[in-house]
$ cat run_13.csv   # CSV, C-alpha atoms
chain,number,residue,atom,x,y,z
A,1,MET,CA,69.4,131.8,122.0
A,2,ALA,CA,72.6,130.9,123.7
A,3,ALA,CA,75.3,133.6,123.7
A,4,ARG,CA,78.1,133.3,121.3
A,5,ILE,CA,81.3,132.1,123.0
A,6,ASP,CA,84.7,132.9,121.4
A,7,GLY,CA,86.9,129.9,121.0
A,8,ASP,CA,84.1,127.4,121.4
A,9,VAL,CA,85.3,123.8,121.1
A,10,ARG,CA,82.6,123.2,118.5
A,11,ASP,CA,84.1,125.8,116.1
A,12,ILE,CA,85.3,124.3,112.8
A,13,PRO,CA,89.0,124.9,112.2
A,14,ASP,CA,90.4,125.9,108.8
A,15,TYR,CA,90.7,123.1,106.3
A,16,GLN,CA,94.2,122.1,105.4
A,17,ALA,CA,95.8,119.6,103.0
A,18,LEU,CA,97.7,116.7,104.6
A,19,VAL,CA,100.3,114.6,102.9
A,20,VAL,CA,102.1,111.6,104.5
A,21,PHE,CA,105.2,109.8,103.2
A,22,ASP,CA,106.3,106.4,104.3
A,23,MET,CA,109.3,104.3,103.3
A,24,LYS,CA,108.6,100.6,102.4
A,25,GLY,CA,110.5,98.2,104.6
A,26,TYR,CA,112.4,100.9,106.6
A,27,SER,CA,112.4,98.7,109.7
A,28,LYS,CA,114.5,96.2,107.8
A,29,VAL,CA,117.2,98.7,106.8
A,30,PRO,CA,120.4,97.9,108.7
A,31,SER,CA,120.8,100.2,111.7
A,32,PRO,CA,124.1,101.9,110.4
A,33,TYR,CA,122.2,102.9,107.3
A,34,MET,CA,118.9,104.2,108.9
A,35,GLU,CA,120.0,107.8,109.5
A,36,THR,CA,121.5,108.3,106.1
A,37,THR,CA,118.6,106.6,104.3
A,38,ARG,CA,116.1,108.8,106.0
A,39,ASP,CA,118.3,111.9,105.2
A,40,GLU,CA,118.3,110.8,101.5
A,41,LEU,CA,114.5,110.6,101.6
A,42,ASP,CA,114.1,114.1,103.0
A,43,ASN,CA,116.5,115.4,100.4
A,44,MET,CA,114.6,113.8,97.5
A,45,LEU,CA,111.3,115.0,98.9
A,46,ALA,CA,112.6,118.5,99.0
A,47,THR,CA,113.8,118.2,95.4
A,48,ALA,CA,110.4,116.8,94.3
A,49,PHE,CA,108.5,119.5,96.1
A,50,VAL,CA,110.6,122.2,94.4
A,51,GLU,CA,110.2,120.7,91.0
A,52,SER,CA,106.5,120.4,91.5
A,53,GLY,CA,106.1,124.1,92.3
A,54,LEU,CA,105.7,123.5,96.0
A,55,GLY,CA,109.1,124.7,97.2
A,56,GLU,CA,107.6,127.3,99.5
A,57,GLU,CA,105.2,124.8,101.0
A,58,TRP,CA,108.1,122.5,101.8
A,59,LYS,CA,110.3,125.3,103.2
A,60,HIS,CA,107.5,127.0,105.2
A,61,CYS,CA,105.0,124.2,105.7
A,62,ALA,CA,102.3,124.9,108.3
A,63,TYR,CA,103.1,121.6,110.0
A,64,TRP,CA,105.8,119.0,109.7
A,65,ASN,CA,106.1,115.9,111.9
A,66,ASP,CA,108.7,113.1,111.8
A,67,ARG,CA,107.2,109.6,111.7
A,68,GLY,CA,110.5,107.8,111.8
A,69,ASP,CA,110.1,106.0,108.5
A,70,GLY,CA,108.6,109.1,106.9
A,71,CYS,CA,106.8,112.4,107.7
A,72,ILE,CA,103.5,114.2,107.6
A,73,LEU,CA,103.0,117.7,106.3
A,74,ALA,CA,100.2,120.2,106.3
A,75,MET,CA,99.7,123.0,103.8
A,76,PRO,CA,96.9,125.3,102.6
A,77,VAL,CA,94.4,123.5,100.4
A,78,ARG,CA,94.7,126.1,97.6
A,79,ARG,CA,97.6,124.3,95.9
A,80,MET,CA,96.7,120.8,97.1
A,81,TRP,CA,96.2,119.7,93.5
A,82,ARG,CA,100.0,119.7,93.0
A,83,LEU,CA,100.3,116.9,95.6
A,84,VAL,CA,98.2,114.7,93.3
A,85,GLU,CA,99.8,116.0,90.1
A,86,PRO,CA,102.7,116.4,89.4
A,87,LEU,CA,104.4,115.5,92.8
A,88,PRO,CA,104.0,111.7,92.7
A,89,GLU,CA,105.3,111.5,89.1
A,90,ILE,CA,108.3,113.7,89.8
A,91,LEU,CA,109.1,111.9,93.1
A,92,ASP,CA,109.0,108.6,91.2
A,93,SER,CA,111.5,110.0,88.7
A,94,VAL,CA,113.8,111.3,91.5
A,95,LEU,CA,113.7,107.9,93.3
A,96,ALA,CA,114.4,106.0,90.1
A,97,ARG,CA,117.5,108.2,89.5
A,98,TYR,CA,118.6,107.5,93.0
A,99,ASP,CA,118.2,103.8,92.5
A,100,ARG,CA,120.3,103.8,89.4
A,101,GLU,CA,123.1,105.7,91.0
A,102,ARG,CA,123.2,104.1,94.5
A,103,PHE,CA,125.9,101.5,95.5
A,104,ALA,CA,124.7,98.0,95.8
A,105,SER,CA,125.3,98.1,99.6
A,106,VAL,CA,123.0,101.1,100.0
A,107,PRO,CA,119.3,100.2,100.6
A,108,GLU,CA,116.8,101.1,97.9
A,109,ILE,CA,114.0,103.5,98.7
A,110,ARG,CA,110.3,103.0,97.7
A,111,VAL,CA,107.6,105.2,99.0
A,112,ARG,CA,103.9,105.2,99.6
A,113,MET,CA,102.2,108.5,100.1
A,114,SER,CA,98.7,109.6,101.1
A,115,VAL,CA,96.8,112.9,100.6
A,116,HIS,CA,93.8,113.9,102.7
A,117,LEU,CA,92.2,117.2,103.7
A,118,GLY,CA,90.1,118.3,106.6
A,119,PRO,CA,89.6,120.8,109.4
A,120,VAL,CA,92.8,120.9,111.4
A,121,SER,CA,93.1,122.4,114.9
A,122,GLU,CA,96.0,124.7,115.9
A,123,LYS,CA,97.6,121.8,117.8
A,124,TYR,CA,97.2,119.5,114.8
A,125,ARG,CA,95.3,116.9,116.5
A,126,GLY,CA,92.1,115.1,115.6
A,127,ASP,CA,90.5,112.9,113.0
A,128,PRO,CA,92.0,114.5,109.8
A,129,ILE,CA,95.6,113.9,111.0
A,130,ASN,CA,94.7,110.4,112.2
A,131,ASP,CA,92.9,109.5,109.0
A,132,ALA,CA,95.8,110.7,106.8
A,133,CYS,CA,98.1,108.3,108.7
A,134,ARG,CA,95.6,105.5,108.6
A,135,LEU,CA,95.2,106.0,104.9
A,136,ILE,CA,98.9,105.4,104.3
A,137,ASP,CA,98.9,102.5,106.7
A,138,SER,CA,96.0,100.8,105.0
A,139,ASP,CA,96.1,97.5,103.2
A,140,ALA,CA,95.3,99.4,100.0
A,141,ALA,CA,98.4,101.5,100.3
A,142,ARG,CA,100.7,98.6,101.2
A,143,ASP,CA,99.3,96.4,98.4
A,144,ALA,CA,99.8,99.2,95.9
A,145,VAL,CA,103.5,99.9,96.8
A,146,ALA,CA,104.2,96.2,96.7
A,147,LYS,CA,102.7,95.9,93.2
A,148,ALA,CA,104.5,99.1,92.1
A,149,GLU,CA,107.8,97.5,93.2
A,150,GLN,CA,107.1,94.4,91.1
A,151,LEU,CA,106.6,96.7,88.1
A,152,GLY,CA,109.7,98.8,88.7
A,153,SER,CA,107.9,101.9,90.0
A,154,TYR,CA,109.0,103.6,93.2
A,155,VAL,CA,105.8,105.5,94.4
A,156,ALA,CA,102.3,104.5,95.2
A,157,LEU,CA,99.7,107.2,95.9
A,158,VAL,CA,96.5,106.8,97.8
A,159,ILE,CA,94.1,109.7,98.2
A,160,SER,CA,90.9,110.1,100.2
A,161,GLU,CA,87.5,110.4,98.6
A,162,ALA,CA,87.5,114.1,99.6
A,163,VAL,CA,90.7,114.8,97.7
A,164,PHE,CA,89.5,112.8,94.7
A,165,GLN,CA,86.4,114.9,94.5
A,166,ALA,CA,88.1,118.3,95.1
A,167,VAL,CA,91.0,117.6,92.7
A,168,VAL,CA,90.5,114.8,90.2
A,169,ARG,CA,86.8,114.9,89.6
A,170,ALA,CA,86.7,118.7,89.7
A,171,GLY,CA,89.2,118.7,86.8
A,172,ARG,CA,92.1,120.4,88.5
A,173,THR,CA,94.6,117.9,87.1
A,174,THR,CA,96.0,118.4,83.6
A,175,ARG,CA,97.2,114.9,82.6
A,176,LEU,CA,95.5,112.6,85.1
A,177,THR,CA,91.8,111.7,84.7
A,178,GLU,CA,89.4,109.6,86.8
A,179,LEU,CA,90.6,106.5,84.8
A,180,ASP,CA,94.1,106.9,86.2
A,181,PHE,CA,92.8,106.0,89.6
A,182,LEU,CA,91.6,102.8,91.1
A,183,SER,CA,88.5,103.0,93.3
A,184,THR,CA,89.2,100.9,96.4
A,185,ARG,CA,88.6,100.9,100.2
A,186,ALA,CA,91.3,101.8,102.6
A,187,GLU,CA,91.1,99.7,105.7
A,188,VAL,CA,93.1,99.4,108.9
A,189,LYS,CA,91.7,96.6,111.1
A,190,ASP,CA,89.3,97.8,113.8
A,191,LYS,CA,90.4,101.4,113.2
A,192,TYR,CA,89.6,102.7,109.7
A,193,SER,CA,87.5,101.8,106.7
A,194,GLU,CA,86.8,104.5,104.1
A,195,PRO,CA,86.6,104.8,100.3
A,196,ALA,CA,89.9,105.8,98.7
A,197,TRP,CA,91.7,106.0,95.3
A,198,VAL,CA,95.0,104.5,94.3
A,199,HIS,CA,97.5,105.7,91.5
A,200,VAL,CA,100.9,104.4,90.5
A,201,PRO,CA,102.9,106.8,88.3
A,202,ARG,CA,104.1,105.5,84.9
A,203,ARG,CA,101.9,102.3,85.1
A,204,SER,CA,98.7,101.3,83.3
A,205,LEU,CA,96.2,98.6,83.8
A,206,SER,CA,97.7,96.8,80.7
A,207,ALA,CA,100.9,96.3,82.7
A,208,PHE,CA,99.1,94.1,85.1
A,209,ASP,CA,97.6,91.9,82.4
A,210,ALA,CA,101.0,90.4,81.5
A,211,PRO,CA,101.1,87.5,79.0
A,212,ALA,CA,102.0,84.0,80.1
A,213,THR,CA,105.7,83.1,80.3
A,214,SER,CA,107.2,81.2,77.4
A,215,GLY,CA,107.4,78.0,79.4
A,216,ALA,CA,103.7,78.0,80.3
A,217,GLN,CA,101.4,75.5,78.6
A,218,PRO,CA,98.6,77.1,76.6
A,219,THR,CA,95.2,76.5,77.9
A,220,GLN,CA,92.0,75.9,76.0
A,221,GLU,CA,90.9,79.5,76.7
A,222,ALA,CA,94.2,80.7,75.2
A,223,THR,CA,94.2,78.5,72.1
A,224,GLY,CA,90.4,78.4,71.5
A,225,THR,CA,88.4,75.4,70.1
A,226,PRO,CA,88.2,75.0,66.3
A,227,GLY,CA,84.9,76.1,65.0
A,228,VAL,CA,83.9,77.7,68.2
A,229,PRO,CA,84.0,81.6,68.3
A,230,PRO,CA,85.9,83.0,71.3
A,231,ALA,CA,83.8,84.2,74.3
A,232,ALA,CA,83.0,87.8,74.5
A,233,PRO,CA,85.1,89.8,76.9
A,234,ALA,CA,83.7,90.6,80.4
A,235,PRO,CA,82.0,94.0,80.7
A,236,ARG,CA,84.3,96.8,81.5
A,237,THR,CA,84.1,98.4,84.9
A,238,ASN,CA,85.9,101.2,86.6
A,239,THR,CA,85.0,100.2,90.1
A,240,ILE,CA,86.8,97.2,91.6
A,241,ASP,CA,86.2,96.2,95.2
A,242,THR,CA,89.8,95.7,96.3
A,243,VAL,CA,93.3,96.5,95.3
A,244,ASN,CA,94.2,92.8,94.9
A,245,ASN,CA,91.3,92.3,92.5
A,246,TYR,CA,92.6,95.2,90.4
A,247,PHE,CA,96.1,94.0,90.2
A,248,ASP,CA,95.5,90.3,89.9
A,249,ALA,CA,92.4,90.3,87.7
A,250,PRO,CA,92.0,93.4,85.6
A,251,GLN,CA,88.8,93.4,83.7
A,252,GLY,CA,88.5,94.3,80.0
A,253,PRO,CA,90.7,96.6,78.0
A,254,LEU,CA,90.5,99.6,80.4
A,255,THR,CA,93.8,101.4,80.6
A,256,PHE,CA,95.2,104.3,82.5
A,257,THR,CA,96.5,106.9,80.1
A,258,GLN,CA,99.0,109.5,81.2
A,259,ASP,CA,100.8,112.1,79.1
A,260,PHE,CA,104.2,112.7,80.6
A,261,ARG,CA,105.2,115.7,78.5
A,262,ARG,CA,106.0,118.5,80.9
A,263,THR,CA,104.0,121.6,80.9
A,264,ASP,CA,104.5,124.8,83.0
A,265,LEU,CA,103.8,123.9,86.6

$ encode --input "run_13.csv" --output "structure tokens"
Amino acid sequence: MAARIDGDVRDIPDYQALVVFDMKGYSKVPSPYMETTRDELDNMLATAFVESGLGEEWKHCAYWNDRGDGCILAMPVRRMWRLVEPLPEILDSVLARYDRERFASVPEIRVRMSVHLGPVSEKYRGDPINDACRLIDSDAARDAVAKAEQLGSYVALVISEAVFQAVVRAGRTTRLTELDFLSTRAEVKDKYSEPAWVHVPRRSLSAFDAPATSGAQPTQEATGTPGVPPAAPAPRTNTIDTVNNYFDAPQGPLTFTQDFRRTDL
């Protein structure tokens, strides 16, 4: 048997939770506003972390790195569930308040965020860090924040399968359930393709099944044919292949339910 070597490169580092934030359209913000807009984001993130019971994790995070249009943080996994609930909901409320109070000349701020976990080296390099960033840069995350904007929300959350299993499916959330998350696949061309889960605070599937506008002409499906019973609804499913399918063609009466009454955090 080979002798044990301290510090072997094959040793598995401690697992840590990784959360990444990214502003939508930051590159389009006029240059004079870039610095102040980013400062505003950091201030609102600090507020949301404190209100989510993660003030110490924000103040003394194990790792923090500026991404220009956002940041990436690492923290112990013990309280990772707070990154899934209630942080996105609270951050959405903070951003909504900011949007109501800002001057028209000040850029709006909308955020996509990703949560991942994995073994992280002391130098914070390797696949877990890369995957957390690819998760937030994926088509799934970008599509979700675009749809959130259309519906008046300010945050889109995408979490990895590992986080979903450890937090949501394990029952560590109090208000959110599995039905509050869309099963999708996060992809970055030629770099990343992994299962993931998307959530938009304050929004349900019914919001995506909006009725036709008043000027639209009714179709035969909408009006029905006299004497012919309406077709049965399509079978309900919780697994949809892509984010676009979910937003553009929701199936059946499945809804996300979320109780926003605050409890002790």

$ closest_residue --input "run_13.csv" --among "A:Asn65, A:Ser138, A:Ser153, A:Ser114" --to "A:Asp190" --atoms "all atoms listed in the file"
A:Ser138

$ closest_residue --input "run_13.csv" --among "A:Arg82, A:Arg38, A:Asp22, A:Arg202" --to "A:Val106" --atoms "only C-alpha atoms"
A:Arg38

$ atom_distance --input "run_13.csv" --atom1 "atom CA of A:Asn43" --atom2 "atom CA of A:Lys59"
12.0 Å

$ residues_around --input "run_13.csv" --residues "stretch 15-19 of chain A" --least-positions-apart "3" --cutoff "7 Å" --atoms "all atoms listed in the file" --output "list in words"
Ile72, Leu73, Ala74, Met75, Pro76, Val77, Met80, Met113, Ser114, Val115, His116, Leu117, Gly118, Pro119, Val120 and Ala132 of chain A

$ atom_distance --input "run_13.csv" --atom1 "atom CA of A:Ile12" --atom2 "atom CA of A:Phe49"
29.0 Å

$ closest_residue --input "run_13.csv" --among "A:Gly7, A:Pro201, A:Pro32, A:Gly70" --to "A:Leu87" --atoms "only C-alpha atoms"
A:Pro201

$ closest_residue --input "run_13.csv" --among "A:Arg78, A:Lys24, A:Arg185, A:Arg97" --to "A:Trp197" --atoms "all atoms listed in the file"
A:Arg185

$ residues_around --input "run_13.csv" --residues "A:Tyr33" --least-positions-apart "6" --cutoff "12 Å" --atoms "all atoms listed in the file" --output "ChimeraX atom specification"
/A:26-27,39-40,105-109

$ closest_residue --input "run_13.csv" --among "A:Phe164, A:Tyr98, A:Tyr154, A:Phe103" --to "A:Leu176" --atoms "all atoms listed in the file"
A:Phe164

$ atom_distance --input "run_13.csv" --atom1 "atom CA of A:Val9" --atom2 "atom CA of A:Lys123"
12.9 Å

$ residues_near_point --input "run_13.csv" --point "(113.1, 105.1, 94.3)" --cutoff "10 Å" --atoms "only C-alpha atoms" --output "ChimeraX atom specification"
/A:23,41,44,91-100,108-111,149,152-155

$ axis_aligned_box --input "run_13.csv" --around "stretch 115-120 of chain A" --padding-each-side "3 Å" --output "lines of an AutoDock Vina configuration file"
center_x = 93.2
center_y = 116.9
center_z = 106.0
size_x = 13.2
size_y = 14.0
size_z = 16.8
